[in-house]
Structure formats: C-alpha cells, structure tokens
Amino acid sequence: MSERLRVLLVDDHALVRKGVRFFLETQTDIEIVGEVGSGEEALTLVEEHAPDIVLLDLLMPGIGGIEAARRIKNLSPATRIVVLTSAE
C-alpha cells in the first residue's frame with residue numbers, strides 16, 4: 001500500500017471546507033490533517049503537520065492566499081500548494 005497524502009484545507013468559508021473534506025475523505029490515499037479558515041491558522045498547522053498538500057483559497061481576511069502561500073513555502077518547502085478559489 002502506498003503512503004497517504006497529507007492534506008490541509010484552508011478556506012474562510014466553512015461550507016466549502018466541509019464539502020471538500022467530505023469528498024476527500026472518500027479517497028483511501030488521502031488523510032486530512034486539518035482545516036482552517038485563515039492564512040494565520042494555516043501557518044500554524046503547516047508548522048505542526050508539514051502537509052504534503054495545502055488546498056488554499058486566495059481571498060481570505062487577514063493574511064490572504066498569496067501571502068499565505070509565500071509563507072507556507074518558507075516554512076515547508078516540500079509542501080505543494082493547490083489554489084481553490086471562487087474569485088471572479
């Protein structure tokens with residue numbers, strides 16, 4: 001059996017996080033290490049868990065997605081970032 005991908009969900013909309021989490025939890029090769037609603041919280045969990053992937057919204061209050069991505073790459077260079085956003 002292959003190693004599970006460790007994923008962190010970051011979106012300021014709880015309903016979006018729950019929906020993405022619901023889908024990802026059906027995948028046997030994915031482990032959700034956390035879900036948070038802000039860039040600040042994401043940085044804390046990246047430090048704690050060093051996830052393989054961060055699913056990141058761009059438009060959030062406080063530290064937005066672009067700045068959060070920059071900081072995540074400084075904290076955990078091996079972490080991959082996938083931007084999921086509904087920005088128009």
# chains A, B, ... in the order shown; residues from 1 in each chain; ligands from 1
>>> residues_around(residues="Lys73 of chain A", least_positions_apart="4", cutoff="12 Å", atoms="only C-alpha atoms", output="PyMOL selection string")
chain A and resi 42-43+46-47+50-54+66-69+77-81
>>> residues_around(residues="Val83 of chain A", least_positions_apart="4", cutoff="7 Å", atoms="only C-alpha atoms", output="MDAnalysis selection string")
chainID A and resid 55:58
>>> select_by_dssp(residues="chain A", states="strand (DSSP E or B)", output="PyMOL selection string")
chain A and resi 5-10+30-36+53-56+80-83
>>> atom_distance(atom1="atom CA of Arg4 of chain A", atom2="atom CA of Ile72 of chain A")
20.5 Å
>>> closest_residue(among="A:Val20, A:Met60, A:Asn74, A:Leu9", to="Glu35 of chain A", atoms="only C-alpha atoms")
A:Leu9
>>> select_by_dssp(residues="chain A", states="helix (DSSP H, G or I)", output="PDB file with N, CA, C and O atoms, in the first residue's frame")
ATOM      1  N   ALA A  14     -16.696  27.945   5.793  1.00  0.00           N
ATOM      2  CA  ALA A  14     -16.797  26.624   6.423  1.00  0.00           C
ATOM      3  C   ALA A  14     -17.516  25.617   5.527  1.00  0.00           C
ATOM      4  O   ALA A  14     -17.128  24.450   5.474  1.00  0.00           O
ATOM      5  N   LEU A  15     -18.528  26.061   4.808  1.00  0.00           N
ATOM      6  CA  LEU A  15     -19.282  25.143   3.947  1.00  0.00           C
ATOM      7  C   LEU A  15     -18.396  24.598   2.826  1.00  0.00           C
ATOM      8  O   LEU A  15     -18.475  23.404   2.495  1.00  0.00           O
ATOM      9  N   VAL A  16     -17.539  25.430   2.273  1.00  0.00           N
ATOM     10  CA  VAL A  16     -16.606  24.971   1.236  1.00  0.00           C
ATOM     11  C   VAL A  16     -15.653  23.936   1.820  1.00  0.00           C
ATOM     12  O   VAL A  16     -15.430  22.878   1.236  1.00  0.00           O
ATOM     13  N   ARG A  17     -15.086  24.251   2.991  1.00  0.00           N
ATOM     14  CA  ARG A  17     -14.162  23.299   3.637  1.00  0.00           C
ATOM     15  C   ARG A  17     -14.844  21.966   3.888  1.00  0.00           C
ATOM     16  O   ARG A  17     -14.279  20.903   3.623  1.00  0.00           O
ATOM     17  N   LYS A  18     -16.057  22.005   4.395  1.00  0.00           N
ATOM     18  CA  LYS A  18     -16.783  20.762   4.703  1.00  0.00           C
ATOM     19  C   LYS A  18     -17.051  19.959   3.436  1.00  0.00           C
ATOM     20  O   LYS A  18     -16.925  18.732   3.430  1.00  0.00           O
ATOM     21  N   GLY A  19     -17.428  20.638   2.345  1.00  0.00           N
ATOM     22  CA  GLY A  19     -17.700  19.941   1.099  1.00  0.00           C
ATOM     23  C   GLY A  19     -16.464  19.280   0.524  1.00  0.00           C
ATOM     24  O   GLY A  19     -16.501  18.119   0.098  1.00  0.00           O
ATOM     25  N   VAL A  20     -15.348  20.006   0.516  1.00  0.00           N
ATOM     26  CA  VAL A  20     -14.100  19.448   0.012  1.00  0.00           C
ATOM     27  C   VAL A  20     -13.659  18.295   0.906  1.00  0.00           C
ATOM     28  O   VAL A  20     -13.247  17.240   0.425  1.00  0.00           O
ATOM     29  N   ARG A  21     -13.779  18.500   2.207  1.00  0.00           N
ATOM     30  CA  ARG A  21     -13.397  17.438   3.149  1.00  0.00           C
ATOM     31  C   ARG A  21     -14.228  16.178   2.920  1.00  0.00           C
ATOM     32  O   ARG A  21     -13.697  15.071   2.902  1.00  0.00           O
ATOM     33  N   PHE A  22     -15.538  16.354   2.747  1.00  0.00           N
ATOM     34  CA  PHE A  22     -16.440  15.222   2.523  1.00  0.00           C
ATOM     35  C   PHE A  22     -15.975  14.404   1.323  1.00  0.00           C
ATOM     36  O   PHE A  22     -15.901  13.177   1.381  1.00  0.00           O
ATOM     37  N   PHE A  23     -15.641  15.093   0.213  1.00  0.00           N
ATOM     38  CA  PHE A  23     -15.173  14.382  -0.971  1.00  0.00           C
ATOM     39  C   PHE A  23     -13.830  13.700  -0.713  1.00  0.00           C
ATOM     40  O   PHE A  23     -13.650  12.527  -1.034  1.00  0.00           O
ATOM     41  N   LEU A  24     -12.877  14.425  -0.158  1.00  0.00           N
ATOM     42  CA  LEU A  24     -11.534  13.873   0.030  1.00  0.00           C
ATOM     43  C   LEU A  24     -11.522  12.683   0.984  1.00  0.00           C
ATOM     44  O   LEU A  24     -10.711  11.774   0.828  1.00  0.00           O
ATOM     45  N   GLY A  39      -5.351  32.370   6.761  1.00  0.00           N
ATOM     46  CA  GLY A  39      -3.939  32.176   6.471  1.00  0.00           C
ATOM     47  C   GLY A  39      -3.111  32.021   7.724  1.00  0.00           C
ATOM     48  O   GLY A  39      -2.180  31.214   7.776  1.00  0.00           O
ATOM     49  N   GLU A  40      -3.457  32.782   8.748  1.00  0.00           N
ATOM     50  CA  GLU A  40      -2.724  32.703  10.018  1.00  0.00           C
ATOM     51  C   GLU A  40      -2.813  31.299  10.616  1.00  0.00           C
ATOM     52  O   GLU A  40      -1.807  30.735  11.046  1.00  0.00           O
ATOM     53  N   GLU A  41      -4.023  30.755  10.637  1.00  0.00           N
ATOM     54  CA  GLU A  41      -4.215  29.401  11.169  1.00  0.00           C
ATOM     55  C   GLU A  41      -3.495  28.369  10.304  1.00  0.00           C
ATOM     56  O   GLU A  41      -2.956  27.388  10.816  1.00  0.00           O
ATOM     57  N   ALA A  42      -3.485  28.607   9.000  1.00  0.00           N
ATOM     58  CA  ALA A  42      -2.803  27.682   8.088  1.00  0.00           C
ATOM     59  C   ALA A  42      -1.319  27.592   8.422  1.00  0.00           C
ATOM     60  O   ALA A  42      -0.752  26.504   8.449  1.00  0.00           O
ATOM     61  N   LEU A  43      -0.690  28.727   8.698  1.00  0.00           N
ATOM     62  CA  LEU A  43       0.736  28.733   9.014  1.00  0.00           C
ATOM     63  C   LEU A  43       1.023  27.905  10.261  1.00  0.00           C
ATOM     64  O   LEU A  43       2.002  27.156  10.303  1.00  0.00           O
ATOM     65  N   THR A  44       0.169  28.021  11.253  1.00  0.00           N
ATOM     66  CA  THR A  44       0.341  27.239  12.476  1.00  0.00           C
ATOM     67  C   THR A  44       0.278  25.741  12.186  1.00  0.00           C
ATOM     68  O   THR A  44       1.126  24.970  12.631  1.00  0.00           O
ATOM     69  N   LEU A  45      -0.731  25.324  11.400  1.00  0.00           N
ATOM     70  CA  LEU A  45      -0.873  23.895  11.115  1.00  0.00           C
ATOM     71  C   LEU A  45       0.202  23.378  10.166  1.00  0.00           C
ATOM     72  O   LEU A  45       0.600  22.217  10.265  1.00  0.00           O
ATOM     73  N   VAL A  46       0.690  24.219   9.266  1.00  0.00           N
ATOM     74  CA  VAL A  46       1.798  23.800   8.407  1.00  0.00           C
ATOM     75  C   VAL A  46       3.026  23.530   9.256  1.00  0.00           C
ATOM     76  O   VAL A  46       3.724  22.535   9.055  1.00  0.00           O
ATOM     77  N   GLU A  47       3.282  24.387  10.228  1.00  0.00           N
ATOM     78  CA  GLU A  47       4.418  24.154  11.138  1.00  0.00           C
ATOM     79  C   GLU A  47       4.248  22.857  11.915  1.00  0.00           C
ATOM     80  O   GLU A  47       5.200  22.111  12.112  1.00  0.00           O
ATOM     81  N   GLU A  48       3.030  22.574  12.376  1.00  0.00           N
ATOM     82  CA  GLU A  48       2.766  21.384  13.183  1.00  0.00           C
ATOM     83  C   GLU A  48       2.793  20.089  12.371  1.00  0.00           C
ATOM     84  O   GLU A  48       3.281  19.067  12.852  1.00  0.00           O
ATOM     85  N   HIS A  49       2.233  20.118  11.148  1.00  0.00           N
ATOM     86  CA  HIS A  49       1.996  18.882  10.410  1.00  0.00           C
ATOM     87  C   HIS A  49       2.817  18.704   9.141  1.00  0.00           C
ATOM     88  O   HIS A  49       2.865  17.588   8.614  1.00  0.00           O
ATOM     89  N   GLY A  65      -4.452  34.453   0.518  1.00  0.00           N
ATOM     90  CA  GLY A  65      -3.874  33.241  -0.019  1.00  0.00           C
ATOM     91  C   GLY A  65      -2.496  33.411  -0.635  1.00  0.00           C
ATOM     92  O   GLY A  65      -1.634  32.543  -0.477  1.00  0.00           O
ATOM     93  N   ILE A  66      -2.261  34.508  -1.331  1.00  0.00           N
ATOM     94  CA  ILE A  66      -0.958  34.703  -1.965  1.00  0.00           C
ATOM     95  C   ILE A  66       0.134  34.847  -0.916  1.00  0.00           C
ATOM     96  O   ILE A  66       1.186  34.204  -1.003  1.00  0.00           O
ATOM     97  N   GLU A  67      -0.111  35.664   0.086  1.00  0.00           N
ATOM     98  CA  GLU A  67       0.885  35.832   1.151  1.00  0.00           C
ATOM     99  C   GLU A  67       1.030  34.548   1.966  1.00  0.00           C
ATOM    100  O   GLU A  67       2.136  34.159   2.350  1.00  0.00           O
ATOM    101  N   ALA A  68      -0.074  33.877   2.216  1.00  0.00           N
ATOM    102  CA  ALA A  68      -0.013  32.604   2.946  1.00  0.00           C
ATOM    103  C   ALA A  68       0.821  31.593   2.165  1.00  0.00           C
ATOM    104  O   ALA A  68       1.639  30.874   2.748  1.00  0.00           O
ATOM    105  N   ALA A  69       0.637  31.543   0.857  1.00  0.00           N
ATOM    106  CA  ALA A  69       1.408  30.601   0.034  1.00  0.00           C
ATOM    107  C   ALA A  69       2.907  30.891   0.141  1.00  0.00           C
ATOM    108  O   ALA A  69       3.711  29.964   0.270  1.00  0.00           O
ATOM    109  N   ARG A  70       3.264  32.154   0.071  1.00  0.00           N
ATOM    110  CA  ARG A  70       4.676  32.524   0.188  1.00  0.00           C
ATOM    111  C   ARG A  70       5.247  32.060   1.530  1.00  0.00           C
ATOM    112  O   ARG A  70       6.318  31.458   1.583  1.00  0.00           O
ATOM    113  N   ARG A  71       4.509  32.304   2.601  1.00  0.00           N
ATOM    114  CA  ARG A  71       4.978  31.920   3.937  1.00  0.00           C
ATOM    115  C   ARG A  71       5.003  30.400   4.115  1.00  0.00           C
ATOM    116  O   ARG A  71       5.893  29.867   4.782  1.00  0.00           O
ATOM    117  N   ILE A  72       4.023  29.714   3.554  1.00  0.00           N
ATOM    118  CA  ILE A  72       3.992  28.249   3.645  1.00  0.00           C
ATOM    119  C   ILE A  72       5.233  27.669   2.982  1.00  0.00           C
ATOM    120  O   ILE A  72       5.868  26.763   3.514  1.00  0.00           O
ATOM    121  N   LYS A  73       5.597  28.174   1.809  1.00  0.00           N
ATOM    122  CA  LYS A  73       6.777  27.660   1.103  1.00  0.00           C
ATOM    123  C   LYS A  73       8.056  27.928   1.901  1.00  0.00           C
ATOM    124  O   LYS A  73       8.983  27.123   1.866  1.00  0.00           O
ATOM    125  N   ASN A  74       8.108  29.028   2.645  1.00  0.00           N
ATOM    126  CA  ASN A  74       9.264  29.291   3.511  1.00  0.00           C
ATOM    127  C   ASN A  74       9.306  28.330   4.694  1.00  0.00           C
ATOM    128  O   ASN A  74      10.381  27.885   5.089  1.00  0.00           O
ATOM    129  N   LEU A  75       8.138  28.013   5.252  1.00  0.00           N
ATOM    130  CA  LEU A  75       8.066  27.109   6.406  1.00  0.00           C
ATOM    131  C   LEU A  75       8.288  25.650   6.026  1.00  0.00           C
ATOM    132  O   LEU A  75       8.894  24.886   6.773  1.00  0.00           O
TER     133      LEU A  75
END
>>> closest_residue(among="A:Gly37, A:Asp11, A:Pro61, A:Asp29", to="Ser86 of chain A", atoms="only C-alpha atoms")
A:Asp11
>>> atom_distance(atom1="atom CA of Glu25 of chain A", atom2="atom CA of Ile63 of chain A")
27.2 Å
>>> atom_distance(atom1="atom CA of Val10 of chain A", atom2="atom CA of Leu59 of chain A")
10.5 Å
